[in-house]
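Below is data.cif, which holds mmCIF, C-alpha atoms and all ligand atoms.
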data_my_file
#
loop_
_atom_site.group_PDB
_atom_site.id
_atom_site.type_symbol
_atom_site.label_atom_id
_atom_site.label_comp_id
_atom_site.auth_asym_id
_atom_site.auth_seq_id
_atom_site.Cartn_x
_atom_site.Cartn_y
_atom_site.Cartn_z
ATOM 1 C CA MET A 1383 13.357 -24.189 0.164
ATOM 2 C CA SER A 1384 15.238 -21.127 1.368
ATOM 3 C CA SER A 1385 15.937 -19.880 4.883
ATOM 4 C CA TYR A 1386 14.912 -16.402 5.924
ATOM 5 C CA GLY A 1387 15.316 -14.376 9.060
ATOM 6 C CA VAL A 1388 11.903 -12.829 9.625
ATOM 7 C CA ARG A 1389 12.306 -9.755 11.810
ATOM 8 C CA VAL A 1390 8.927 -8.695 13.123
ATOM 9 C CA ALA A 1391 7.883 -5.709 15.224
ATOM 10 C CA ARG A 1392 6.407 -6.574 18.594
ATOM 11 C CA ASN A 1393 3.887 -4.203 20.126
ATOM 12 C CA GLN A 1394 1.582 -4.670 23.052
ATOM 13 C CA GLY A 1395 -1.132 -2.279 24.138
ATOM 14 C CA GLY A 1396 0.210 0.464 21.880
ATOM 15 C CA ILE A 1397 3.735 0.191 23.350
ATOM 16 C CA GLY A 1398 6.583 -0.817 21.067
ATOM 17 C CA ARG A 1399 8.636 -3.752 22.350
ATOM 18 C CA GLY A 1400 11.292 -3.757 19.647
ATOM 19 C CA TYR A 1401 11.824 -6.456 17.060
ATOM 20 C CA GLN A 1402 12.211 -10.219 17.253
ATOM 21 C CA THR A 1403 13.828 -12.361 14.579
ATOM 22 C CA PHE A 1404 12.621 -15.863 13.755
ATOM 23 C CA SER A 1405 14.133 -18.364 11.371
ATOM 24 C CA VAL A 1406 11.640 -19.542 8.721
ATOM 25 C CA GLU A 1407 11.904 -21.946 5.759
ATOM 26 C CA LEU A 1408 9.971 -20.907 2.647
ATOM 27 C CA GLU A 1409 9.492 -22.345 -0.824
ATOM 28 C CA ASP A 1410 10.283 -19.990 -3.699
ATOM 29 C CA ARG A 1411 6.660 -19.138 -4.487
ATOM 30 C CA MET A 1412 5.732 -18.451 -0.854
ATOM 31 C CA THR A 1413 4.798 -15.003 0.355
ATOM 32 C CA VAL A 1414 5.552 -12.737 3.278
ATOM 33 C CA LEU A 1415 2.115 -13.685 4.600
ATOM 34 C CA ASP A 1416 3.226 -17.324 4.598
ATOM 35 C CA ALA A 1417 6.264 -16.221 6.589
ATOM 36 C CA LEU A 1418 4.031 -14.498 9.165
ATOM 37 C CA PHE A 1419 1.922 -17.645 9.488
ATOM 38 C CA ALA A 1420 5.113 -19.686 9.957
ATOM 39 C CA VAL A 1421 6.227 -17.371 12.772
ATOM 40 C CA GLN A 1422 2.852 -17.749 14.459
ATOM 41 C CA ARG A 1423 2.583 -21.510 13.893
ATOM 42 C CA ASP A 1424 6.152 -22.602 14.620
ATOM 43 C CA HIS A 1425 7.453 -20.001 17.072
ATOM 44 C CA ASP A 1426 4.926 -17.794 18.870
ATOM 45 C CA PRO A 1427 1.156 -18.315 18.662
ATOM 46 C CA SER A 1428 0.622 -14.887 20.232
ATOM 47 C CA PHE A 1429 2.207 -13.097 17.247
ATOM 48 C CA THR A 1430 -0.535 -10.929 15.723
ATOM 49 C CA PHE A 1431 -1.163 -9.786 12.146
ATOM 50 C CA ARG A 1432 -4.220 -9.279 9.981
ATOM 51 C CA CYS A 1433 -5.362 -11.060 6.819
ATOM 52 C CA ALA A 1434 -8.515 -12.479 5.292
ATOM 53 C CA CYS A 1435 -8.654 -13.349 1.573
ATOM 54 C CA ARG A 1436 -4.956 -14.184 0.995
ATOM 55 C CA VAL A 1437 -5.347 -13.307 -2.704
ATOM 56 C CA GLY A 1438 -4.958 -9.515 -2.830
ATOM 57 C CA MET A 1439 -8.654 -8.680 -2.699
ATOM 58 C CA CYS A 1440 -9.551 -7.635 0.853
ATOM 59 C CA GLY A 1441 -6.691 -5.254 1.665
ATOM 60 C CA THR A 1442 -6.352 -6.364 5.278
ATOM 61 C CA CYS A 1443 -2.790 -7.713 5.147
ATOM 62 C CA ALA A 1444 -1.005 -4.427 4.298
ATOM 63 C CA VAL A 1445 2.145 -4.001 6.384
ATOM 64 C CA SER A 1446 5.511 -2.365 5.989
ATOM 65 C CA ILE A 1447 7.853 -4.893 4.348
ATOM 66 C CA ASN A 1448 11.520 -3.930 4.322
ATOM 67 C CA GLY A 1449 10.389 -0.323 4.772
ATOM 68 C CA ILE A 1450 7.713 -0.214 2.043
ATOM 69 C CA PRO A 1451 3.942 -0.544 2.589
ATOM 70 C CA ARG A 1452 2.778 -3.622 0.675
ATOM 71 C CA LEU A 1453 0.282 -6.477 0.767
ATOM 72 C CA ALA A 1454 1.909 -9.400 2.586
ATOM 73 C CA CYS A 1455 -0.153 -11.908 0.580
ATOM 74 C CA ARG A 1456 1.023 -10.473 -2.762
ATOM 75 C CA THR A 1457 4.715 -10.152 -1.914
ATOM 76 C CA ARG A 1458 6.824 -13.213 -2.629
ATOM 77 C CA ALA A 1459 9.632 -13.526 -0.134
ATOM 78 C CA SER A 1460 12.071 -14.426 -2.919
ATOM 79 C CA SER A 1461 11.221 -11.187 -4.782
ATOM 80 C CA LEU A 1462 12.733 -9.135 -1.959
ATOM 81 C CA GLY A 1463 16.204 -10.438 -2.806
ATOM 82 C CA ALA A 1464 17.342 -10.414 0.828
ATOM 83 C CA PRO A 1465 17.828 -13.113 3.444
ATOM 84 C CA GLU A 1466 16.093 -10.944 6.036
ATOM 85 C CA ILE A 1467 12.461 -9.816 5.854
ATOM 86 C CA VAL A 1468 11.581 -6.933 8.158
ATOM 87 C CA VAL A 1469 7.865 -6.601 8.861
ATOM 88 C CA ALA A 1470 6.439 -3.624 10.748
ATOM 89 C CA PRO A 1471 2.971 -2.088 11.149
ATOM 90 C CA LEU A 1472 1.755 0.344 8.488
ATOM 91 C CA PRO A 1473 2.954 3.863 9.384
ATOM 92 C CA ASN A 1474 0.487 6.668 10.204
ATOM 93 C CA LEU A 1475 -1.984 4.317 11.898
ATOM 94 C CA PRO A 1476 -2.273 3.313 15.578
ATOM 95 C CA VAL A 1477 -0.846 -0.111 16.379
ATOM 96 C CA LEU A 1478 -3.218 -2.584 18.003
ATOM 97 C CA LYS A 1479 -0.722 -5.407 18.524
ATOM 98 C CA ASP A 1480 2.536 -6.484 16.880
ATOM 99 C CA VAL A 1481 2.055 -5.631 13.160
ATOM 100 C CA ALA A 1482 -1.746 -5.201 13.245
ATOM 101 C CA VAL A 1483 -3.006 -1.613 13.047
ATOM 102 C CA SER A 1484 -6.379 0.016 13.575
ATOM 103 C CA MET A 1485 -7.832 1.314 10.297
ATOM 104 C CA GLU A 1486 -10.098 3.721 12.138
ATOM 105 C CA PRO A 1487 -8.202 6.939 11.202
ATOM 106 C CA PHE A 1488 -8.201 5.824 7.549
ATOM 107 C CA PHE A 1489 -11.970 5.307 7.505
ATOM 108 C CA GLU A 1490 -12.609 8.478 9.514
ATOM 109 C CA GLN A 1491 -11.071 10.419 6.612
ATOM 110 C CA TRP A 1492 -12.862 8.213 4.075
ATOM 111 C CA LYS A 1493 -16.232 9.133 5.652
ATOM 112 C CA ARG A 1494 -15.478 12.861 5.388
ATOM 113 C CA VAL A 1495 -15.686 12.847 1.578
ATOM 114 C CA THR A 1496 -19.237 11.418 1.484
ATOM 115 C CA PRO A 1497 -17.975 8.186 -0.098
ATOM 116 C CA GLY A 1498 -21.371 6.580 -0.757
ATOM 117 C CA PHE A 1499 -23.319 6.996 -3.957
ATOM 118 C CA ARG A 1500 -25.939 9.813 -3.754
ATOM 119 C CA PRO A 1501 -28.247 9.356 -6.745
ATOM 120 C CA LYS A 1502 -29.687 12.400 -8.512
ATOM 121 C CA HIS A 1503 -33.053 10.679 -8.875
ATOM 122 C CA PRO A 1504 -33.475 8.316 -5.892
ATOM 123 C CA GLU A 1505 -37.136 7.606 -6.744
ATOM 124 C CA SER A 1506 -36.423 6.662 -10.351
ATOM 125 C CA LYS A 1507 -37.015 3.053 -11.399
ATOM 126 C CA GLU A 1508 -35.005 3.536 -14.591
ATOM 127 C CA LEU A 1509 -31.580 1.941 -14.793
ATOM 128 C CA ALA A 1510 -28.954 4.726 -14.698
ATOM 129 C CA ILE A 1511 -26.640 3.291 -17.322
ATOM 130 C CA VAL A 1512 -23.152 4.690 -17.834
ATOM 131 C CA PRO A 1513 -21.858 3.324 -21.163
ATOM 132 C CA ALA A 1514 -18.416 1.719 -21.091
ATOM 133 C CA SER A 1515 -17.433 4.086 -23.916
ATOM 134 C CA SER A 1516 -18.365 7.229 -21.916
ATOM 135 C CA GLN A 1517 -15.759 9.760 -20.859
ATOM 136 C CA TYR A 1518 -16.440 8.925 -17.194
ATOM 137 C CA MET A 1519 -15.687 5.224 -17.668
ATOM 138 C CA ARG A 1520 -12.591 5.932 -19.763
ATOM 139 C CA MET A 1521 -11.198 8.530 -17.367
ATOM 140 C CA THR A 1522 -11.831 6.547 -14.169
ATOM 141 C CA GLY A 1523 -10.906 3.105 -15.520
ATOM 142 C CA GLY A 1524 -7.668 2.839 -13.579
ATOM 143 C CA LYS A 1525 -9.059 4.431 -10.434
ATOM 144 C CA ARG A 1526 -11.974 2.220 -9.388
ATOM 145 C CA ASP A 1527 -10.199 -0.785 -7.876
ATOM 146 C CA CYS A 1528 -9.315 0.500 -4.404
ATOM 147 C CA ILE A 1529 -9.427 -2.269 -1.767
ATOM 148 C CA THR A 1530 -8.978 0.176 1.164
ATOM 149 C CA CYS A 1531 -5.717 -1.482 2.223
ATOM 150 C CA GLY A 1532 -4.249 1.762 3.613
ATOM 151 C CA ALA A 1533 -0.835 1.318 1.949
ATOM 152 C CA CYS A 1534 -1.067 4.799 0.393
ATOM 153 C CA PHE A 1535 -2.093 6.262 3.761
ATOM 154 C CA GLY A 1536 0.965 4.657 5.360
ATOM 155 C CA ALA A 1537 3.342 5.809 2.618
ATOM 156 C CA CYS A 1538 2.155 9.428 2.526
ATOM 157 C CA GLY A 1539 4.737 11.895 3.818
ATOM 158 C CA VAL A 1540 2.101 14.598 4.315
ATOM 159 C CA LYS A 1541 -0.111 12.246 6.305
ATOM 160 C CA ALA A 1542 2.867 11.596 8.570
ATOM 161 C CA THR A 1543 2.838 15.237 9.654
ATOM 162 C CA SER A 1544 -0.854 16.107 9.402
ATOM 163 C CA GLY A 1545 -3.514 14.043 11.130
ATOM 164 C CA GLU A 1546 -6.167 16.192 9.437
ATOM 165 C CA TYR A 1547 -5.149 15.372 5.850
ATOM 166 C CA LEU A 1548 -7.742 13.260 4.045
ATOM 167 C CA GLY A 1549 -5.121 11.040 2.473
ATOM 168 C CA PRO A 1550 -4.861 9.755 -1.118
ATOM 169 C CA ALA A 1551 -7.489 6.984 -1.050
ATOM 170 C CA ALA A 1552 -10.284 9.197 0.303
ATOM 171 C CA ILE A 1553 -9.456 11.891 -2.253
ATOM 172 C CA ASN A 1554 -9.494 9.358 -5.072
ATOM 173 C CA ARG A 1555 -12.859 8.108 -3.829
ATOM 174 C CA ALA A 1556 -14.215 11.665 -3.841
ATOM 175 C CA LEU A 1557 -13.034 12.120 -7.419
ATOM 176 C CA LEU A 1558 -14.877 8.986 -8.526
ATOM 177 C CA ARG A 1559 -18.110 10.196 -6.974
ATOM 178 C CA LEU A 1560 -17.742 13.789 -8.189
ATOM 179 C CA ALA A 1561 -17.125 12.690 -11.758
ATOM 180 C CA ASP A 1562 -20.004 10.190 -11.773
ATOM 181 C CA PRO A 1563 -22.829 11.642 -13.902
ATOM 182 C CA ARG A 1564 -25.445 9.763 -11.808
ATOM 183 C CA ASP A 1565 -24.364 11.281 -8.461
ATOM 184 C CA GLU A 1566 -25.391 14.666 -7.089
ATOM 185 C CA ALA A 1567 -23.548 15.294 -3.787
ATOM 186 C CA VAL A 1568 -21.044 17.874 -5.039
ATOM 187 C CA ALA A 1569 -21.097 20.488 -2.255
ATOM 188 C CA PRO A 1570 -20.137 18.357 0.813
ATOM 189 C CA ARG A 1571 -17.304 16.700 -1.087
ATOM 190 C CA MET A 1572 -15.954 19.979 -2.433
ATOM 191 C CA LYS A 1573 -16.053 21.417 1.082
ATOM 192 C CA ALA A 1574 -13.892 18.549 2.392
ATOM 193 C CA LEU A 1575 -11.516 18.638 -0.595
ATOM 194 C CA ASP A 1576 -11.058 22.412 -0.704
ATOM 195 C CA SER A 1577 -9.883 22.650 2.913
ATOM 196 C CA GLU A 1578 -6.416 24.182 3.188
ATOM 197 C CA ARG A 1579 -5.441 21.992 6.150
ATOM 198 C CA ALA A 1580 -7.098 18.706 5.211
ATOM 199 C CA GLY A 1581 -7.855 18.768 1.507
ATOM 200 C CA VAL A 1582 -6.037 18.391 -1.794
ATOM 201 C CA TRP A 1583 -3.872 21.480 -1.296
ATOM 202 C CA ARG A 1584 -1.860 19.644 1.367
ATOM 203 C CA CYS A 1585 -0.523 17.173 -1.198
ATOM 204 C CA HIS A 1586 3.118 17.871 -2.085
ATOM 205 C CA THR A 1587 3.056 15.585 -5.129
ATOM 206 C CA GLN A 1588 5.591 13.169 -3.690
ATOM 207 C CA PHE A 1589 4.125 10.158 -5.593
ATOM 208 C CA ASN A 1590 4.693 7.825 -2.602
ATOM 209 C CA CYS A 1591 1.023 6.796 -2.664
ATOM 210 C CA THR A 1592 1.093 5.985 -6.367
ATOM 211 C CA ALA A 1593 4.332 4.018 -5.954
ATOM 212 C CA VAL A 1594 2.922 1.659 -3.315
ATOM 213 C CA CYS A 1595 -0.698 1.156 -4.393
ATOM 214 C CA PRO A 1596 -1.097 -2.601 -4.996
ATOM 215 C CA LYS A 1597 -3.891 -1.897 -7.467
ATOM 216 C CA GLY A 1598 -1.785 0.459 -9.564
ATOM 217 C CA ILE A 1599 -4.071 3.438 -8.975
ATOM 218 C CA SER A 1600 -2.478 6.713 -10.019
ATOM 219 C CA LEU A 1601 -3.475 8.573 -6.866
ATOM 220 C CA THR A 1602 -1.273 11.589 -7.506
ATOM 221 C CA ASP A 1603 -3.021 12.046 -10.846
ATOM 222 C CA SER A 1604 -6.411 12.013 -9.074
ATOM 223 C CA ILE A 1605 -5.271 14.697 -6.648
ATOM 224 C CA VAL A 1606 -3.819 16.902 -9.391
ATOM 225 C CA TRP A 1607 -6.982 16.409 -11.462
ATOM 226 C CA LEU A 1608 -9.069 17.751 -8.561
ATOM 227 C CA LYS A 1609 -6.720 20.682 -7.955
ATOM 228 C CA ARG A 1610 -7.126 21.707 -11.589
ATOM 229 C CA ALA A 1611 -10.929 21.408 -11.382
ATOM 230 C CA MET A 1612 -10.961 23.659 -8.320
ATOM 231 C CA LEU A 1613 -8.676 26.262 -9.836
ATOM 232 C CA ARG A 1614 -11.177 26.713 -12.651
ATOM 233 C CA ARG A 1615 -13.455 28.083 -9.890
ATOM 234 C CA ALA A 1616 -16.473 26.672 -11.693
ATOM 235 C CA PRO A 1617 -18.994 24.154 -10.387
ATOM 236 C CA PHE A 1618 -17.599 20.648 -10.707
ATOM 237 C CA GLU A 1619 -18.427 19.423 -14.182
ATOM 238 C CA LYS A 1620 -19.725 15.885 -14.361
ATOM 239 C CA LEU A 1621 -18.183 13.768 -17.027
ATOM 240 C CA PRO A 1622 -20.729 12.484 -19.561
HETATM 241 S S1 LIG A 1701 -5.722 3.571 -3.243
HETATM 242 FE FE1 LIG A 1701 -4.407 1.745 -3.453
HETATM 243 S S2 LIG A 1701 -2.959 1.856 -1.721
HETATM 244 FE FE2 LIG A 1701 -4.645 3.296 -1.274
HETATM 245 S S3 LIG A 1701 -6.092 2.141 -0.015
HETATM 246 FE FE3 LIG A 1701 -6.763 1.917 -2.161
HETATM 247 S S4 LIG A 1701 -5.776 0.024 -2.918
HETATM 248 FE FE4 LIG A 1701 -4.716 0.612 -1.008
HETATM 249 S S1 LIG A 1702 -5.145 -11.097 2.781
HETATM 250 FE FE1 LIG A 1702 -6.593 -10.013 1.535
HETATM 251 S S2 LIG A 1702 -5.332 -8.643 0.422
HETATM 252 FE FE2 LIG A 1702 -3.906 -9.838 1.516
#
Take the structure from the file and write it as structure tokens.
Ligand code: SF4
Ligand code: FES
Amino acid sequence: MSSYGVRVARNQGGIGRGYQTFSVELEDRMTVLDALFAVQRDHDPSFTFRCACRVGMCGTCAVSINGIPRLACRTRASSLGAPEIVVAPLPNLPVLKDVAVSMEPFFEQWKRVTPGFRPKHPESKELAIVPASSQYMRMTGGKRDCITCGACFGACGVKATSGEYLGPAAINRALLRLADPRDEAVAPRMKALDSERAGVWRCHTQFNCTAVCPKGISLTDSIVWLKRAMLRRAPFEKLP
């Protein structure tokens, strides 16, 4: 067991109330999420944070840990190499209470890229098979695992200054749909992506999103890929 000082942000009704530090004992394999539960269980039952799966699948536990957006359930306290763990809400999102944020702005942007699948042949009864060996599957292999945690949204320096910017996850989602040979909704997505104020052109290629994504998605690569496709000034070519 090791002792940690867990310094957590306190917020109530959207008003910051500073930080409070609690002393917590953790075993070596325990996570920052375990530390948050210990604060709530042993010190203050009103302390508020979000989580669901506890195994890195649902994306709900993303918070700022020692200044970096990360999943609390996938971050071992011992890996931080510090006796103090500072936990704050994800940046760029409104705080509901303590370290829990509202994901509404994230999903508002997500909706703007027409994220759902729009089949070319909705009446067809045929299976629309995309072979694993196809260019689409090869090119998007490392980009399909988003769990909508919002870590990239919180880490994005452009998002910090522009509420209109779509953000990396929504852009990556648009890329997946645009490249899918079974999908047909090109125009509404291109309209959202080609916006000077909100679309891909706002990205300054800072790589913050790529650095924090817990699923290892190369978001900057997705954004650059789309910029190149647009500069060709040709209709978006589906990958076979
Ligand atoms: S792209 Fe990565 S960091 Fe961004 S929401 Fe998805 S899983 Fe989280
Ligand atoms: S609790 Fe689900 S990802 Fe952490």
- Item | Selection: 12 Å around A:Lys1493, all atoms listed in the file, excl. self and same-chain fewer than 3 positions, as a VMD selection string | chain A and resid 1486 to 1490 1496 to 1498 1548 to 1549 1551 to 1553 1555 to 1556 1570 to 1571 1574
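Distance annotation: of A:Pro1501, A:Pro1427, A:Gly1532, A:Pro1550, the residue with the minimal separation from ligand LIG 1702 (chain A) is A:Gly1532; atom set is all atoms listed in the file.
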- Message: Show me which residues are within 7 Å of ligand LIG 1701 (chain A) counting all atoms listed in the file, and format the list as a PyMOL selection string.
- Response: chain A and resi 1441+1527-1535+1550-1551+1591+1594-1599+1601
- Item | Target residues per the PyMOL selection byres (((chain A and resi 1536) around 9) and not hetatm), formatted as a count of residues only | 18
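With all atoms listed in the file counted, the chains near ligand LIG 1702 (chain A) contribute these residues within 9 Å: A:Leu1415, A:Arg1432, A:Cys1433, A:Ala1434, A:Cys1435, A:Arg1436, A:Val1437, A:Gly1438, A:Met1439, A:Cys1440, A:Gly1441, A:Thr1442, A:Cys1443, A:Ala1444, A:Leu1453, A:Ala1454, A:Cys1455, A:Arg1456, A:Ile1529, A:Cys1531.
Note that the spacing between atom CA of A:Glu1466 and atom CA of A:Tyr1386 amounts to 5.6 Å.
Nearest to A:Val1606 of all the residues A:Asn1554, A:Ala1593, A:Val1495, A:Ser1516 is A:Asn1554, based on all atoms listed in the file.
Near stretch 1392-1401 of chain A, within 7 Å and counting only C-alpha atoms, sit Arg1389, Val1390, Thr1403, Val1477, Leu1478, Lys1479 and Asp1480 of chain A; same-chain residues fewer than 2 positions away were not included.
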- Query: Residues picked by the PyMOL selection byres (((chain A and resi 1523) around 12) and not hetatm) here, as an MDAnalysis selection string?
  - Reply: chainID A and resid 1514:1522 1524:1528 1558 1597:1600 1604
- Message: When you look at A:Ala1464 with a cut-off of 12 Å (counting all atoms listed in the file), what residues show up, excluding the ones that are within fewer than 5 positions of it in the same chain? I need them as a list in words.
- Response: Ser1384, Ser1385, Tyr1386, Gly1387, Val1388, Ile1447, Asn1448, Arg1458 and Ala1459 of chain A
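Comparing A:Asp1603, A:Asp1410, A:Glu1508, A:Glu1546 by their smallest distance to A:Arg1579, the closest is A:Glu1546 (using only C-alpha atoms).
Of the listed residues A:Ala1561, A:Ala1417, A:Leu1575, A:Val1540, the one whose atoms come nearest to A:Trp1492 is A:Leu1575, with distances taken using all atoms listed in the file.
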- Mind pulling up the distance from atom CA of A:Leu1613 to atom CA of A:Lys1502? 25.2 Å
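When all atoms listed in the file are used to compute distances to A:Phe1431, the closest of the residues A:Val1481, A:Ala1391, A:Leu1462, A:Leu1408 turns out to be A:Val1481.
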Need a file for stretch 1398-1413 of chain A from that block: N, CA, C and O atoms, written as a JSON list (two decimals), in the first residue's frame.
[["chain", "number", "residue", "atom", "x", "y", "z"],
["A", 1398, "GLY", "N", -16.71, 27.30, -9.37],
["A", 1398, "GLY", "CA", -15.54, 26.65, -8.82],
["A", 1398, "GLY", "C", -15.35, 26.98, -7.34],
["A", 1398, "GLY", "O", -15.48, 28.14, -6.95],
["A", 1399, "ARG", "N", -15.08, 25.95, -6.54],
["A", 1399, "ARG", "CA", -14.87, 26.18, -5.10],
["A", 1399, "ARG", "C", -13.47, 25.70, -4.69],
["A", 1399, "ARG", "O", -13.26, 25.21, -3.61],
["A", 1400, "GLY", "N", -12.53, 25.81, -5.65],
["A", 1400, "GLY", "CA", -11.15, 25.47, -5.32],
["A", 1400, "GLY", "C", -10.92, 23.97, -5.28],
["A", 1400, "GLY", "O", -11.68, 23.19, -5.84],
["A", 1401, "TYR", "N", -9.84, 23.60, -4.59],
["A", 1401, "TYR", "CA", -9.46, 22.19, -4.51],
["A", 1401, "TYR", "C", -9.47, 21.74, -3.05],
["A", 1401, "TYR", "O", -9.25, 22.54, -2.14],
["A", 1402, "GLN", "N", -9.68, 20.45, -2.86],
["A", 1402, "GLN", "CA", -9.58, 19.86, -1.53],
["A", 1402, "GLN", "C", -8.66, 18.65, -1.63],
["A", 1402, "GLN", "O", -8.73, 17.90, -2.62],
["A", 1403, "THR", "N", -7.83, 18.46, -0.64],
["A", 1403, "THR", "CA", -6.91, 17.31, -0.67],
["A", 1403, "THR", "C", -7.32, 16.28, 0.38],
["A", 1403, "THR", "O", -7.60, 16.64, 1.54],
["A", 1404, "PHE", "N", -7.36, 15.03, -0.04],
["A", 1404, "PHE", "CA", -7.72, 13.94, 0.86],
["A", 1404, "PHE", "C", -6.60, 12.90, 0.85],
["A", 1404, "PHE", "O", -6.00, 12.64, -0.20],
["A", 1405, "SER", "N", -6.37, 12.31, 1.99],
["A", 1405, "SER", "CA", -5.34, 11.28, 2.09],
["A", 1405, "SER", "C", -5.97, 9.92, 1.79],
["A", 1405, "SER", "O", -6.99, 9.56, 2.37],
["A", 1406, "VAL", "N", -5.35, 9.17, 0.86],
["A", 1406, "VAL", "CA", -5.93, 7.90, 0.40],
["A", 1406, "VAL", "C", -4.83, 6.84, 0.34],
["A", 1406, "VAL", "O", -3.71, 7.13, -0.08],
["A", 1407, "GLU", "N", -5.16, 5.62, 0.77],
["A", 1407, "GLU", "CA", -4.22, 4.49, 0.68],
["A", 1407, "GLU", "C", -4.59, 3.63, -0.52],
["A", 1407, "GLU", "O", -5.75, 3.24, -0.67],
["A", 1408, "LEU", "N", -3.61, 3.36, -1.39],
["A", 1408, "LEU", "CA", -3.90, 2.56, -2.58],
["A", 1408, "LEU", "C", -2.87, 1.47, -2.76],
["A", 1408, "LEU", "O", -1.68, 1.69, -2.52],
["A", 1409, "GLU", "N", -3.34, 0.29, -3.21],
["A", 1409, "GLU", "CA", -2.40, -0.77, -3.60],
["A", 1409, "GLU", "C", -1.78, -0.39, -4.94],
["A", 1409, "GLU", "O", -2.34, 0.41, -5.69],
["A", 1410, "ASP", "N", -0.65, -1.02, -5.25],
["A", 1410, "ASP", "CA", 0.10, -0.64, -6.45],
["A", 1410, "ASP", "C", -0.69, -0.71, -7.74],
["A", 1410, "ASP", "O", -0.52, 0.10, -8.64],
["A", 1411, "ARG", "N", -1.58, -1.72, -7.84],
["A", 1411, "ARG", "CA", -2.31, -1.88, -9.12],
["A", 1411, "ARG", "C", -3.58, -1.03, -9.18],
["A", 1411, "ARG", "O", -4.30, -1.07, -10.17],
["A", 1412, "MET", "N", -3.84, -0.25, -8.14],
["A", 1412, "MET", "CA", -5.10, 0.52, -8.11],
["A", 1412, "MET", "C", -5.01, 1.78, -8.97],
["A", 1412, "MET", "O", -3.94, 2.31, -9.23],
["A", 1413, "THR", "N", -6.19, 2.22, -9.40],
["A", 1413, "THR", "CA", -6.25, 3.30, -10.38],
["A", 1413, "THR", "C", -6.70, 4.63, -9.75],
["A", 1413, "THR", "O", -7.13, 4.67, -8.58]]
